[in-house]
Each structure stands twice: as structure tokens, then as C-alpha cells.
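What follows is the content of final-v4.txt, which has compact mmCIF, C-alpha atoms and all ligand atoms:
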# COMPACT_ATOMS: atom_id res chain seq x y z
CA MET C 1 0.00 0.00 0.00
CA PRO C 2 2.33 2.79 -1.20
CA ARG C 3 0.01 5.59 -0.15
CA LEU C 4 0.12 4.49 3.45
CA SER C 5 3.58 5.77 4.33
CA SER C 6 3.24 9.10 2.49
CA ARG C 7 -0.05 9.79 4.29
CA LEU C 8 1.55 8.90 7.58
CA LEU C 9 4.61 11.08 7.05
CA ASP C 10 2.55 14.10 5.93
CA TRP C 11 0.31 13.75 8.95
CA TYR C 12 3.28 13.31 11.30
CA LYS C 13 4.98 16.49 10.12
CA LYS C 14 1.96 18.54 11.20
CA ASN C 15 0.69 16.55 14.15
CA LYS C 16 3.52 14.84 15.95
CA ARG C 17 3.21 14.92 19.69
CA SER C 18 5.82 16.89 21.56
CA MET C 19 7.82 14.68 23.93
CA PRO C 20 11.08 15.42 25.74
CA TRP C 21 12.94 12.56 24.03
CA ARG C 22 11.89 13.54 20.51
CA ASP C 23 14.10 15.79 18.38
CA HIS C 24 17.09 14.79 20.55
CA PRO C 25 17.67 11.28 19.29
CA ASP C 26 20.22 10.35 21.93
CA PRO C 27 20.10 6.53 21.83
CA TYR C 28 20.06 6.30 25.63
CA ALA C 29 17.08 8.70 25.88
CA VAL C 30 15.22 6.79 23.14
CA TRP C 31 15.93 3.51 24.92
CA VAL C 32 14.72 4.77 28.33
CA SER C 33 11.59 6.31 26.83
CA GLU C 34 10.71 3.19 24.83
CA ILE C 35 11.03 0.96 27.90
CA MET C 36 9.00 3.37 30.05
CA LEU C 37 6.31 3.62 27.36
CA GLN C 38 5.67 -0.14 27.34
CA GLN C 39 2.25 -0.60 29.03
CA THR C 40 2.29 3.07 30.14
CA ARG C 41 0.77 6.24 28.71
CA VAL C 42 2.91 9.11 27.41
CA GLU C 43 1.32 11.58 29.87
CA THR C 44 2.48 9.44 32.80
CA VAL C 45 5.91 8.73 31.37
CA ILE C 46 7.04 12.35 30.76
CA ALA C 47 7.57 13.26 34.45
CA TYR C 48 9.31 9.93 35.17
CA PHE C 49 11.54 10.34 32.13
CA GLU C 50 12.64 13.83 33.12
CA LYS C 51 13.41 12.78 36.69
CA TRP C 52 15.25 9.69 35.45
CA MET C 53 17.47 11.67 33.09
CA LYS C 54 18.44 14.01 35.92
CA LEU C 55 19.29 11.11 38.23
CA PHE C 56 20.98 8.93 35.60
CA PRO C 57 21.98 11.23 32.70
CA ASP C 58 23.87 8.59 30.74
CA ILE C 59 24.55 4.87 30.59
CA PRO C 60 27.70 4.91 32.79
CA ALA C 61 25.76 6.84 35.49
CA LEU C 62 22.95 4.29 35.37
CA ALA C 63 25.40 1.39 35.43
CA LYS C 64 27.00 2.74 38.62
CA ALA C 65 23.69 3.42 40.38
CA ASP C 66 22.45 1.34 43.28
CA GLU C 67 19.48 -0.94 42.44
CA GLN C 68 17.38 0.61 45.22
CA ALA C 69 17.85 4.07 43.69
CA VAL C 70 16.84 2.70 40.27
CA LEU C 71 13.70 1.02 41.64
CA ASN C 72 12.90 4.15 43.63
CA ALA C 73 13.03 6.28 40.47
CA TRP C 74 10.69 3.78 38.78
CA GLU C 75 8.24 3.56 41.68
CA GLY C 76 4.68 4.07 40.45
CA LEU C 77 5.39 3.12 36.82
CA GLY C 78 4.74 -0.59 37.51
CA TYR C 79 6.19 -3.63 35.71
CA TYR C 80 9.38 -3.31 37.73
CA SER C 81 11.25 -5.96 35.78
CA ARG C 82 11.65 -3.19 33.17
CA ALA C 83 13.67 -1.13 35.66
CA ARG C 84 15.78 -4.09 36.78
CA ASN C 85 16.46 -5.07 33.17
CA ILE C 86 17.44 -1.58 32.02
CA HIS C 87 19.82 -1.40 34.99
CA LYS C 88 21.34 -4.82 34.17
CA ALA C 89 21.61 -3.85 30.51
CA ALA C 90 23.35 -0.55 31.38
CA LYS C 91 25.99 -2.49 33.32
CA ILE C 92 26.60 -4.76 30.31
CA VAL C 93 26.77 -1.79 27.92
CA ALA C 94 29.21 0.02 30.23
CA GLU C 95 31.43 -3.05 30.44
CA LYS C 96 31.18 -4.55 26.97
CA PHE C 97 30.31 -1.66 24.66
CA ASN C 98 32.24 1.22 26.17
CA GLY C 99 29.10 2.83 27.60
CA GLU C 100 27.34 3.26 24.23
CA LEU C 101 24.34 1.31 22.97
CA PRO C 102 25.55 -1.04 20.23
CA ARG C 103 24.35 -0.38 16.67
CA ASN C 104 24.56 -4.03 15.79
CA LEU C 105 21.00 -5.37 16.05
CA GLU C 106 22.02 -8.74 17.44
CA ASP C 107 24.07 -7.11 20.19
CA LEU C 108 21.16 -4.81 20.95
CA ARG C 109 18.75 -7.74 21.13
CA SER C 110 21.06 -9.62 23.49
CA LEU C 111 20.58 -6.97 26.21
CA PRO C 112 18.11 -7.71 29.04
CA GLY C 113 14.65 -6.24 28.44
CA ILE C 114 15.29 -5.39 24.78
CA GLY C 115 13.00 -7.43 22.55
CA ARG C 116 12.16 -7.22 18.89
CA TYR C 117 9.90 -4.20 19.35
CA THR C 118 12.50 -2.16 21.28
CA VAL C 119 15.25 -3.07 18.81
CA GLY C 120 13.11 -1.74 15.95
CA ALA C 121 12.24 1.45 17.84
CA ILE C 122 15.84 2.22 18.89
CA ALA C 123 17.33 1.30 15.52
CA SER C 124 14.86 3.40 13.53
CA ILE C 125 14.54 6.42 15.84
CA ALA C 126 18.03 6.73 17.32
CA PHE C 127 20.20 5.11 14.62
CA LYS C 128 18.08 6.09 11.57
CA MET C 129 18.13 2.50 10.34
CA ASP C 130 15.39 1.12 8.07
CA GLU C 131 13.90 -1.12 10.73
CA PRO C 132 10.20 -1.77 11.34
CA THR C 133 8.71 -2.21 14.78
CA LEU C 134 5.41 -3.45 16.15
CA ASP C 135 3.87 -2.53 19.49
CA GLY C 136 0.22 -2.65 20.56
CA ASN C 137 -0.58 0.60 18.75
CA LEU C 138 1.00 -0.45 15.47
CA ARG C 139 -0.58 -3.88 15.70
CA ARG C 140 -4.01 -2.29 16.01
CA VAL C 141 -3.50 0.17 13.14
CA PHE C 142 -2.22 -2.47 10.70
CA SER C 143 -4.92 -4.96 11.74
CA ARG C 144 -7.53 -2.34 10.90
CA VAL C 145 -6.04 -0.80 7.77
CA TYR C 146 -5.72 -4.29 6.26
CA ASP C 147 -8.79 -5.70 8.07
CA ILE C 148 -6.82 -8.72 9.33
CA SER C 149 -9.04 -11.49 10.66
CA GLU C 150 -6.16 -13.70 11.87
CA PHE C 151 -5.52 -13.64 15.66
CA ALA C 152 -3.10 -10.72 16.05
CA ASP C 153 -1.50 -12.36 19.10
CA SER C 154 -0.82 -15.68 17.35
CA PRO C 155 2.48 -16.52 15.60
CA ALA C 156 0.69 -16.41 12.20
CA GLY C 157 -0.87 -13.02 12.99
CA GLU C 158 2.44 -11.61 14.26
CA LYS C 159 4.13 -12.72 11.05
CA ILE C 160 1.54 -11.01 8.88
CA LEU C 161 1.71 -7.77 10.91
CA TRP C 162 5.53 -7.60 11.04
CA GLY C 163 5.47 -8.22 7.28
CA LEU C 164 3.09 -5.29 6.73
CA ALA C 165 5.17 -3.02 8.97
CA ALA C 166 8.26 -3.90 6.91
CA GLU C 167 6.73 -3.73 3.44
CA ASN C 168 5.25 -0.26 3.98
CA LEU C 169 8.40 1.21 5.51
CA PRO C 170 9.71 4.24 3.56
CA LYS C 171 13.48 4.02 3.12
CA GLY C 172 15.40 6.61 5.12
CA GLN C 173 12.35 7.65 7.15
CA ALA C 174 11.67 4.65 9.34
CA GLY C 175 11.90 6.64 12.58
CA ASP C 176 9.15 9.08 11.58
CA TYR C 177 7.07 6.29 10.05
CA ASN C 178 7.19 4.20 13.23
CA GLN C 179 6.50 7.19 15.46
CA ALA C 180 3.62 8.35 13.24
CA LEU C 181 2.01 4.93 13.65
CA MET C 182 2.58 5.05 17.42
CA ASP C 183 0.93 8.48 17.61
CA ILE C 184 -2.03 7.53 15.43
CA GLY C 185 -2.58 4.35 17.44
CA ALA C 186 -2.48 6.29 20.71
CA THR C 187 -4.57 9.31 19.74
CA ILE C 188 -6.81 8.38 16.77
CA CYS C 189 -7.01 4.66 16.13
CA GLN C 190 -7.82 3.95 19.77
CA PRO C 191 -8.94 0.51 20.97
CA LYS C 192 -12.54 1.66 21.43
CA LYS C 193 -14.32 4.19 19.24
CA PRO C 194 -11.52 4.94 16.76
CA ARG C 195 -11.74 8.53 15.49
CA CYS C 196 -11.78 7.59 11.82
CA LEU C 197 -12.93 11.01 10.60
CA LEU C 198 -9.64 12.52 11.85
CA CYS C 199 -7.47 9.70 10.54
CA PRO C 200 -5.06 10.26 7.64
CA LEU C 201 -5.55 6.58 6.68
CA MET C 202 -9.34 6.75 6.49
CA GLU C 203 -9.53 6.53 2.70
CA ILE C 204 -7.37 3.44 2.49
CA CYS C 205 -8.53 1.66 5.67
CA LYS C 206 -10.29 -1.62 4.87
CA ALA C 207 -11.80 -2.05 8.35
CA ARG C 208 -13.32 1.40 8.05
CA GLU C 209 -14.75 0.43 4.65
CA ASN C 210 -16.10 -2.86 6.02
CA GLY C 211 -17.32 -1.44 9.34
CA THR C 212 -15.11 -3.86 11.28
CA GLN C 213 -12.91 -1.33 13.12
CA GLU C 214 -13.97 -2.43 16.59
CA LEU C 215 -13.59 -6.12 15.70
CA ARG C 216 -9.89 -5.61 14.89
CA PRO C 217 -7.39 -6.63 16.06
CA VAL C 218 -8.76 -10.10 16.74
CA LEU C 219 -7.26 -11.24 20.05
CA LYS C 220 -7.52 -14.52 21.93
CA ALA C 221 -9.94 -14.39 24.87
CA LYS C 222 -8.17 -13.77 28.15
CA LYS C 223 -8.84 -15.99 31.17
CA ALA C 224 -10.53 -14.22 34.08
CA ALA C 225 -7.87 -13.00 36.54
CA PRO C 226 -7.91 -14.85 39.89
CA GLN C 227 -8.61 -12.79 43.00
CA TYR C 228 -6.44 -13.24 46.11
CA VAL C 229 -6.82 -11.91 49.63
CA HIS C 230 -3.77 -11.04 51.76
CA ALA C 231 -3.34 -9.90 55.35
CA ALA C 232 -0.47 -7.51 56.13
CA ALA C 233 1.13 -6.47 59.42
CA VAL C 234 2.25 -2.91 60.10
CA ILE C 235 4.61 -3.18 63.07
CA VAL C 236 5.96 0.14 64.34
CA GLU C 237 8.38 0.26 67.25
CA ARG C 238 10.53 3.16 68.45
CA GLY C 239 10.11 5.19 65.27
CA ARG C 240 10.87 2.25 63.01
CA VAL C 241 8.68 -0.05 60.93
CA LEU C 242 9.33 -3.64 59.94
CA LEU C 243 9.58 -4.22 56.17
CA SER C 244 10.29 -7.29 54.10
CA GLN C 245 12.21 -7.32 50.80
CA ARG C 246 10.76 -9.34 47.95
CA PRO C 247 12.97 -11.86 46.13
CA ALA C 248 15.18 -10.28 43.45
CA ASP C 249 13.31 -11.90 40.55
CA GLY C 250 9.62 -12.03 39.76
CA LEU C 251 6.79 -9.67 40.53
CA LEU C 252 8.00 -6.45 42.26
CA GLY C 253 11.43 -8.06 42.54
CA GLY C 254 13.74 -6.38 45.07
CA MET C 255 11.04 -4.01 46.31
CA TRP C 256 9.88 -3.61 49.90
CA GLU C 257 6.54 -4.48 51.49
CA PHE C 258 4.88 -4.90 54.84
CA PRO C 259 5.09 -8.54 55.97
CA ASN C 260 2.03 -10.18 54.49
CA ALA C 261 0.62 -13.53 53.47
CA ARG C 262 -2.26 -14.94 51.51
CA VAL C 263 -5.34 -15.91 53.54
CA GLU C 264 -8.51 -17.83 52.70
CA THR C 265 -11.58 -16.18 54.15
CA ASP C 266 -10.98 -14.14 57.29
CA PRO C 267 -7.88 -11.87 57.20
CA ALA C 268 -8.24 -10.76 60.84
CA LYS C 269 -8.41 -14.30 62.19
CA GLU C 270 -5.86 -15.84 59.85
CA LEU C 271 -3.21 -13.07 59.98
CA THR C 272 -1.04 -14.36 62.85
CA LYS C 273 -0.94 -17.96 61.63
CA ALA C 274 -0.26 -16.93 58.05
CA LEU C 275 2.65 -14.62 59.02
CA ASN C 276 4.15 -17.29 61.22
CA ALA C 277 4.02 -19.75 58.32
CA ALA C 278 5.45 -17.26 55.80
CA TYR C 279 8.20 -15.59 57.92
CA ARG C 280 8.25 -17.39 61.32
CA LEU C 281 7.13 -13.97 62.52
CA LYS C 282 4.99 -13.90 65.68
CA VAL C 283 2.73 -10.89 66.12
CA LYS C 284 -0.22 -9.71 68.19
CA ARG C 285 -2.92 -8.18 66.00
CA LYS C 286 -4.28 -4.76 66.94
CA GLU C 287 -6.69 -2.53 65.00
CA ALA C 288 -7.41 -2.66 61.26
CA LEU C 289 -5.72 0.09 59.23
CA GLY C 290 -7.63 -0.32 56.00
CA VAL C 291 -8.07 -2.33 52.82
CA VAL C 292 -6.18 -1.78 49.57
CA GLN C 293 -7.00 -3.36 46.22
CA HIS C 294 -4.88 -3.66 43.12
CA ALA C 295 -5.12 -5.38 39.74
CA TYR C 296 -1.89 -6.82 38.35
CA THR C 297 -1.71 -8.24 34.83
CA HIS C 298 -2.58 -11.81 35.81
CA PHE C 299 -4.39 -11.49 39.14
CA LYS C 300 -6.16 -9.11 41.49
CA VAL C 301 -5.33 -8.71 45.14
CA THR C 302 -7.13 -7.27 48.17
CA VAL C 303 -4.83 -6.55 51.10
CA HIS C 304 -6.18 -6.06 54.64
CA ALA C 305 -3.63 -4.15 56.73
CA PHE C 306 -3.53 -4.37 60.52
CA ARG C 307 -1.40 -2.59 63.06
CA CYS C 308 0.45 -5.29 65.01
CA GLU C 309 2.88 -5.65 67.87
CA SER C 310 5.80 -7.98 67.48
CA VAL C 311 6.13 -10.97 69.79
CA SER C 312 9.17 -12.49 68.16
CA ILE C 313 11.01 -11.63 64.95
CA PRO C 314 13.28 -14.21 63.34
CA LYS C 315 16.77 -13.33 62.14
CA ASP C 316 16.09 -13.11 58.43
CA LYS C 317 17.99 -11.03 55.87
CA LYS C 318 14.81 -10.10 54.05
CA LEU C 319 13.27 -8.49 57.20
CA LYS C 320 14.49 -5.03 58.08
CA TRP C 321 13.62 -2.30 60.58
CA VAL C 322 13.37 0.97 58.68
CA LYS C 323 13.17 4.44 60.22
CA LEU C 324 9.76 5.98 59.51
CA VAL C 325 11.44 9.13 58.21
CA GLU C 326 13.31 7.02 55.63
CA LEU C 327 10.31 5.04 54.41
CA ASP C 328 10.14 6.98 51.12
CA ASP C 329 13.67 5.84 50.24
CA PHE C 330 12.55 2.21 50.12
CA PRO C 331 10.93 1.37 46.75
CA MET C 332 7.45 -0.12 47.15
CA GLY C 333 4.63 -1.23 44.87
CA LYS C 334 1.35 0.67 44.81
CA VAL C 335 -0.36 -1.49 47.44
CA ASP C 336 2.35 -1.05 50.08
CA ARG C 337 2.83 2.64 49.37
CA GLN C 338 -0.89 3.11 49.97
CA ILE C 339 -0.64 1.22 53.26
CA ALA C 340 2.38 3.36 54.20
CA ASN C 341 0.30 6.44 53.49
CA LYS C 342 -2.46 5.15 55.76
CA MET C 343 -0.10 4.86 58.74
S1 LIG N 1 -9.66 4.80 9.58
FE1 LIG N 1 -10.31 4.35 11.64
S2 LIG N 1 -9.95 2.19 11.95
FE2 LIG N 1 -8.82 2.83 10.13
S3 LIG N 1 -6.78 3.25 10.86
FE3 LIG N 1 -7.90 5.17 10.89
S4 LIG N 1 -8.79 5.34 12.92
FE4 LIG N 1 -8.12 3.24 12.65
Will you turn the file into C-alpha cells for me?
Ligand code: SF4
Amino acid sequence: MPRLSSRLLDWYKKNKRSMPWRDHPDPYAVWVSEIMLQQTRVETVIAYFEKWMKLFPDIPALAKADEQAVLNAWEGLGYYSRARNIHKAAKIVAEKFNGELPRNLEDLRSLPGIGRYTVGAIASIAFKMDEPTLDGNLRRVFSRVYDISEFADSPAGEKILWGLAAENLPKGQAGDYNQALMDIGATICQPKKPRCLLCPLMEICKARENGTQELRPVLKAKKAAPQYVHAAAVIVERGRVLLSQRPADGLLGGMWEFPNARVETDPAKELTKALNAAYRLKVKRKEALGVVQHAYTHFKVTVHAFRCESVSIPKDKKLKWVKLVELDDFPMGKVDRQIANKM
């Protein structure tokens, strides 16, 4: 579809969104922004990006940073494995590539947290290479413009969509082409109620012609997310509070939380037994502090927080007394930060 890229580029010239990492194609800035933008809206990312670039202005600075400082700077953005991976990758780049992101695509792809999408984005935007990319926005736009009925999240669908992204790519202008598609997907070709009348692709869009816009992309049905209930203990003694550090890998890896455990039906009754089983921590339950709910990608959790007094605390590296005045320096997920704010 030759008209697709020229329409996109014309539209982009007049309508591109202003973002702090655009027009300064420093590969590090493009990399940070692309990782932050995964699963997160531009409006949220801008403030995080600006703070991040002040704290860690280049790859060597990030490589030298302490993991707690990195997680702290990411706190609130979610999907914390992104922060741990960018930190790990910065250390590799500092050591192996002299502190500069490699231009070789295989080397780039070998870095933690950099997948096919991020390689395409960095290569096209920062290195001006003729590389396609495909994120959720681009997947939706191509699925609609070509009215693709294949599952977009299946290997066959992915192949078709990557093929379309590549075959429409205008030589020498891949960065603008990819960013135009990102912007159109985010602001016009939205998941629900696409604004076709404002779209530069309206006249060539097959889904628009067939009235199938809201049926594209076709995605596999998601399983309902399980719902868990946890009980958490807030133990404050002599101006300090007891926190527990999560394992380095996995959900919220390396972040801090109030000691907590999953319960079945009655958080107040089950709290002491559950904490003893999880940490060998013995507590006396006092009053309820509140209930916090959160939806992660694959499950939902409701956490009942109680003020507690300690009876006995095991020697355990993951448990730590933290001064209340220093609580903000310990990176936490949304649930625990809300509990901290309730104290
Ligand atoms: S015409 Fe509508 S459905 Fe087609 S790409 Fe544009 S906004 Fe999306």
C-alpha cells in the first residue's frame, strides 16, 4: 500500500506529539523512553523520564547506580522488571560496549529487556536505520487498515503484521514512520471508538470500509484474573517499621513491602498464623488500618492491613527495621505505598 507511508509522514509532520525525548535522538534517551512507554501512557511517562534523566543522565551513570535508587526512580510506573532489566543492561553496555548502545542489532537484542519491538524502535529512531517495529498501537493500526481477521496475538498473525510493517516502511524515514504509527494508534485509532474522521488513513482503511474497526485486532480471549486476599502487618516500634524485601526476581522483585501472606476467608483471624508460616514472625494483631485493592496483569489482590505488635522476629535477611522518616527511600509497589500512606 504505497500511499500508506506518504499519508503517515505528511500527517506526522503537522501533528507529531511533543515529547522530551523527541528531536534529541540520543540513543540512551530513546531507549529509556521506549522501555518506560511499554504498558504506560505518554502523559504518565514524561515526568518519570525527566526525573530519570536528571538522576541517571547517561549509561555509565545508570550502570554505577544502586538498584534501590533505580527502583525508587521507577516507583509508580509498575512492571518493575523493566527497571531491573534496564539497569542490568546498562551495566553490560558500560562493560562490553564502552558505555554506548551497540548499533549491531544482534548485540542490541542480546541486552536484558530489549526485545524485537524495542530493537526496531531504537534502531529506527536513534540510529536512523530502516527497521520496522510493532507494538500494541502499530498492531491495532495495521490490523484495521488491512482488516486482518487472523488472531493478532498468534504466531501467524504476528508474522503477517511484522510483514506489513516492513513492506510499507519508507526508506530513510523509518523513525518518523514508526513514530507516526505510534501516535495515530495512541490518539486516533484507539482501541474503542476509533476517530476515523480525523485519521489520515481513512480513505485506504479496509476495516473502516467494512465497518469492522472495533472487531480488529482479533485477540484470543483472556482468562478471568484470579482474585487473592492477603493480610499484612504494620509493626511500628521506636520510630521504626518492619519491612520485608521481595525476592530479586519475579513480581515487584527487590522491592519492599509490609510482611504479608495470603489468607482464605478471614484476614483478621488468619493473619497471625499466616505470618508465622510465611516468615516465622509472631505478632499480636491490633486494630485494622484499612483495605487496599490492586489489579496486576494476571491477578487481582485485596490486602487487609492491621497494626500489630511484634512478639518475636526471626533473624532473616529479608526483614528489616526501617526508620519511619526514611520510608520513602525504600521502593514499594502501589499497594504497600498506599498502606504506608495510611499509617
Ligand atoms: S480509519 Fe479508523 S480504523 Fe482505520 S486506521 Fe484510521 S482510525 Fe483506525
Can you pull out the residues contacting Tyr12 of chain C? Cut-off 12 Å, using all atoms listed in the file, and skip same-chain residues under 3 positions away; I want them as JSON, numbers by chain. {"C": [5, 6, 7, 8, 9, 15, 16, 17, 18, 173, 175, 176, 177, 178, 179, 180, 181, 182, 183, 184, 199, 200]}
With a cut-off of 12 Å, could you pull out the residues of chain C touching ligand LIG 1 (chain N) and give me the nearest pair of atoms for each, distance in Å to one decimal, using only C-alpha atoms and all ligand atoms, ordered by chain and ascending number, as JSON lines?
{"residue": "C:Leu4", "atom": "CA", "partner": "N:LIG1", "partner_atom": "S3", "distance": 10.2}
{"residue": "C:Arg7", "atom": "CA", "partner": "N:LIG1", "partner_atom": "FE3", "distance": 11.2}
{"residue": "C:Leu8", "atom": "CA", "partner": "N:LIG1", "partner_atom": "S3", "distance": 10.6}
{"residue": "C:Asn137", "atom": "CA", "partner": "N:LIG1", "partner_atom": "FE4", "distance": 10.1}
{"residue": "C:Leu138", "atom": "CA", "partner": "N:LIG1", "partner_atom": "S3", "distance": 9.8}
{"residue": "C:Arg139", "atom": "CA", "partner": "N:LIG1", "partner_atom": "S3", "distance": 10.6}
{"residue": "C:Arg140", "atom": "CA", "partner": "N:LIG1", "partner_atom": "FE4", "distance": 7.7}
{"residue": "C:Val141", "atom": "CA", "partner": "N:LIG1", "partner_atom": "S3", "distance": 5.0}
{"residue": "C:Phe142", "atom": "CA", "partner": "N:LIG1", "partner_atom": "S3", "distance": 7.3}
{"residue": "C:Ser143", "atom": "CA", "partner": "N:LIG1", "partner_atom": "S3", "distance": 8.5}
{"residue": "C:Arg144", "atom": "CA", "partner": "N:LIG1", "partner_atom": "S2", "distance": 5.2}
{"residue": "C:Val145", "atom": "CA", "partner": "N:LIG1", "partner_atom": "FE2", "distance": 5.1}
{"residue": "C:Tyr146", "atom": "CA", "partner": "N:LIG1", "partner_atom": "FE2", "distance": 8.7}
{"residue": "C:Asp147", "atom": "CA", "partner": "N:LIG1", "partner_atom": "FE2", "distance": 8.8}
{"residue": "C:Ile148", "atom": "CA", "partner": "N:LIG1", "partner_atom": "S2", "distance": 11.6}
{"residue": "C:Ala180", "atom": "CA", "partner": "N:LIG1", "partner_atom": "S3", "distance": 11.8}
{"residue": "C:Leu181", "atom": "CA", "partner": "N:LIG1", "partner_atom": "S3", "distance": 9.4}
{"residue": "C:Met182", "atom": "CA", "partner": "N:LIG1", "partner_atom": "S3", "distance": 11.6}
{"residue": "C:Asp183", "atom": "CA", "partner": "N:LIG1", "partner_atom": "S4", "distance": 11.2}
{"residue": "C:Ile184", "atom": "CA", "partner": "N:LIG1", "partner_atom": "S4", "distance": 7.5}
{"residue": "C:Gly185", "atom": "CA", "partner": "N:LIG1", "partner_atom": "FE4", "distance": 7.4}
{"residue": "C:Ala186", "atom": "CA", "partner": "N:LIG1", "partner_atom": "S4", "distance": 10.1}
{"residue": "C:Thr187", "atom": "CA", "partner": "N:LIG1", "partner_atom": "S4", "distance": 8.9}
{"residue": "C:Ile188", "atom": "CA", "partner": "N:LIG1", "partner_atom": "S4", "distance": 5.3}
{"residue": "C:Cys189", "atom": "CA", "partner": "N:LIG1", "partner_atom": "S4", "distance": 3.7}
{"residue": "C:Gln190", "atom": "CA", "partner": "N:LIG1", "partner_atom": "S4", "distance": 7.1}
{"residue": "C:Pro191", "atom": "CA", "partner": "N:LIG1", "partner_atom": "FE4", "distance": 8.8}
{"residue": "C:Lys192", "atom": "CA", "partner": "N:LIG1", "partner_atom": "S2", "distance": 9.8}
{"residue": "C:Lys193", "atom": "CA", "partner": "N:LIG1", "partner_atom": "S4", "distance": 8.5}
{"residue": "C:Pro194", "atom": "CA", "partner": "N:LIG1", "partner_atom": "S4", "distance": 4.7}
{"residue": "C:Arg195", "atom": "CA", "partner": "N:LIG1", "partner_atom": "S4", "distance": 5.0}
{"residue": "C:Cys196", "atom": "CA", "partner": "N:LIG1", "partner_atom": "FE1", "distance": 3.6}
{"residue": "C:Leu197", "atom": "CA", "partner": "N:LIG1", "partner_atom": "S1", "distance": 7.1}
{"residue": "C:Leu198", "atom": "CA", "partner": "N:LIG1", "partner_atom": "S4", "distance": 7.3}
{"residue": "C:Cys199", "atom": "CA", "partner": "N:LIG1", "partner_atom": "FE3", "distance": 4.6}
{"residue": "C:Pro200", "atom": "CA", "partner": "N:LIG1", "partner_atom": "FE3", "distance": 6.7}
{"residue": "C:Leu201", "atom": "CA", "partner": "N:LIG1", "partner_atom": "FE3", "distance": 5.0}
{"residue": "C:Met202", "atom": "CA", "partner": "N:LIG1", "partner_atom": "S1", "distance": 3.7}
{"residue": "C:Glu203", "atom": "CA", "partner": "N:LIG1", "partner_atom": "S1", "distance": 7.1}
{"residue": "C:Ile204", "atom": "CA", "partner": "N:LIG1", "partner_atom": "S1", "distance": 7.6}
{"residue": "C:Cys205", "atom": "CA", "partner": "N:LIG1", "partner_atom": "FE2", "distance": 4.6}
{"residue": "C:Lys206", "atom": "CA", "partner": "N:LIG1", "partner_atom": "FE2", "distance": 7.0}
{"residue": "C:Ala207", "atom": "CA", "partner": "N:LIG1", "partner_atom": "S2", "distance": 5.9}
{"residue": "C:Arg208", "atom": "CA", "partner": "N:LIG1", "partner_atom": "FE2", "distance": 5.2}
{"residue": "C:Glu209", "atom": "CA", "partner": "N:LIG1", "partner_atom": "S1", "distance": 8.3}
{"residue": "C:Asn210", "atom": "CA", "partner": "N:LIG1", "partner_atom": "S2", "distance": 9.9}
{"residue": "C:Gly211", "atom": "CA", "partner": "N:LIG1", "partner_atom": "S2", "distance": 8.6}
{"residue": "C:Thr212", "atom": "CA", "partner": "N:LIG1", "partner_atom": "S2", "distance": 8.0}
{"residue": "C:Gln213", "atom": "CA", "partner": "N:LIG1", "partner_atom": "S2", "distance": 4.7}
{"residue": "C:Glu214", "atom": "CA", "partner": "N:LIG1", "partner_atom": "S2", "distance": 7.7}
{"residue": "C:Leu215", "atom": "CA", "partner": "N:LIG1", "partner_atom": "S2", "distance": 9.8}
{"residue": "C:Arg216", "atom": "CA", "partner": "N:LIG1", "partner_atom": "S2", "distance": 8.3}
{"residue": "C:Pro217", "atom": "CA", "partner": "N:LIG1", "partner_atom": "S2", "distance": 10.1}
Would you kindly return, as a tab-separated table (two decimals) with C-alpha atoms, in the coordinates of the input, each protein, DNA or RNA residue with an atom no farther than 8 Å from any atom of segment 89-103 of chain C, considering all atoms listed in the file and excluding same-chain residues fewer than 5 positions away?
chain	number	residue	atom	x	y	z
C	27	PRO	CA	20.10	6.53	21.83
C	28	TYR	CA	20.06	6.30	25.63
C	59	ILE	CA	24.55	4.87	30.59
C	60	PRO	CA	27.70	4.91	32.79
C	62	LEU	CA	22.95	4.29	35.37
C	63	ALA	CA	25.40	1.39	35.43
C	64	LYS	CA	27.00	2.74	38.62
C	108	LEU	CA	21.16	-4.81	20.95
C	111	LEU	CA	20.58	-6.97	26.21
C	112	PRO	CA	18.11	-7.71	29.04
C	113	GLY	CA	14.65	-6.24	28.44
C	123	ALA	CA	17.33	1.30	15.52
C	127	PHE	CA	20.20	5.11	14.62
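Note that atom CA of Ala65 of chain C and atom CA of Asp107 of chain C are 22.8 Å apart.
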For a quick check of your reading of the model, name the residues lying within 12 Å of the coordinate (16.7, -4.9, 43.0), counting all atoms listed in the file, and write them as JSON, numbers by chain. {"C": [65, 66, 67, 68, 69, 70, 71, 72, 74, 80, 81, 82, 83, 84, 85, 86, 87, 88, 245, 246, 247, 248, 249, 250, 251, 252, 253, 254, 255, 256, 330, 331, 332]}
May I have the residues from that selection written out with C-alpha atoms, as an mmCIF file, keeping the file's coordinate frame?
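Output below, filename result_8.cif:
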data_model
loop_
_atom_site.group_PDB
_atom_site.id
_atom_site.type_symbol
_atom_site.label_atom_id
_atom_site.label_comp_id
_atom_site.auth_asym_id
_atom_site.auth_seq_id
_atom_site.Cartn_x
_atom_site.Cartn_y
_atom_site.Cartn_z
ATOM 1 C CA ALA C 65 23.690 3.420 40.380
ATOM 2 C CA ASP C 66 22.450 1.340 43.280
ATOM 3 C CA GLU C 67 19.480 -0.940 42.440
ATOM 4 C CA GLN C 68 17.380 0.610 45.220
ATOM 5 C CA ALA C 69 17.850 4.070 43.690
ATOM 6 C CA VAL C 70 16.840 2.700 40.270
ATOM 7 C CA LEU C 71 13.700 1.020 41.640
ATOM 8 C CA ASN C 72 12.900 4.150 43.630
ATOM 9 C CA TRP C 74 10.690 3.780 38.780
ATOM 10 C CA TYR C 80 9.380 -3.310 37.730
ATOM 11 C CA SER C 81 11.250 -5.960 35.780
ATOM 12 C CA ARG C 82 11.650 -3.190 33.170
ATOM 13 C CA ALA C 83 13.670 -1.130 35.660
ATOM 14 C CA ARG C 84 15.780 -4.090 36.780
ATOM 15 C CA ASN C 85 16.460 -5.070 33.170
ATOM 16 C CA ILE C 86 17.440 -1.580 32.020
ATOM 17 C CA HIS C 87 19.820 -1.400 34.990
ATOM 18 C CA LYS C 88 21.340 -4.820 34.170
ATOM 19 C CA GLN C 245 12.210 -7.320 50.800
ATOM 20 C CA ARG C 246 10.760 -9.340 47.950
ATOM 21 C CA PRO C 247 12.970 -11.860 46.130
ATOM 22 C CA ALA C 248 15.180 -10.280 43.450
ATOM 23 C CA ASP C 249 13.310 -11.900 40.550
ATOM 24 C CA GLY C 250 9.620 -12.030 39.760
ATOM 25 C CA LEU C 251 6.790 -9.670 40.530
ATOM 26 C CA LEU C 252 8.000 -6.450 42.260
ATOM 27 C CA GLY C 253 11.430 -8.060 42.540
ATOM 28 C CA GLY C 254 13.740 -6.380 45.070
ATOM 29 C CA MET C 255 11.040 -4.010 46.310
ATOM 30 C CA TRP C 256 9.880 -3.610 49.900
ATOM 31 C CA PHE C 330 12.550 2.210 50.120
ATOM 32 C CA PRO C 331 10.930 1.370 46.750
ATOM 33 C CA MET C 332 7.450 -0.120 47.150
#
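Going from atom CA of His304 of chain C to atom CA of Leu281 of chain C covers 17.4 Å.
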Step by step, gather every atom of segment 64-79 of chain C that the file lists, find the box along x, y and z that holds them, add 5 Å on each side, and finally give centre and edge lengths in Å to one decimal, as lines of an AutoDock Vina configuration file.
center_x = 15.8
center_y = 1.3
center_z = 40.5
size_x = 32.3
size_y = 19.9
size_z = 19.5
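Note that atom CA of Tyr48 of chain C and atom CA of Ser244 of chain C are 25.6 Å apart.
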Neighbour list for Ser33 of chain C as an NGL selection string, cut-off 8 Å, all atoms listed in the file, skip fewer than 4 positions in-chain: :C and (21 or 29 or 37 or 45 or 49)
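For the choices C:Lys323, C:Arg116, C:Arg285, C:Arg262, the atom-to-atom distance to Val229 of chain C is smallest for C:Arg262 when using only C-alpha atoms.
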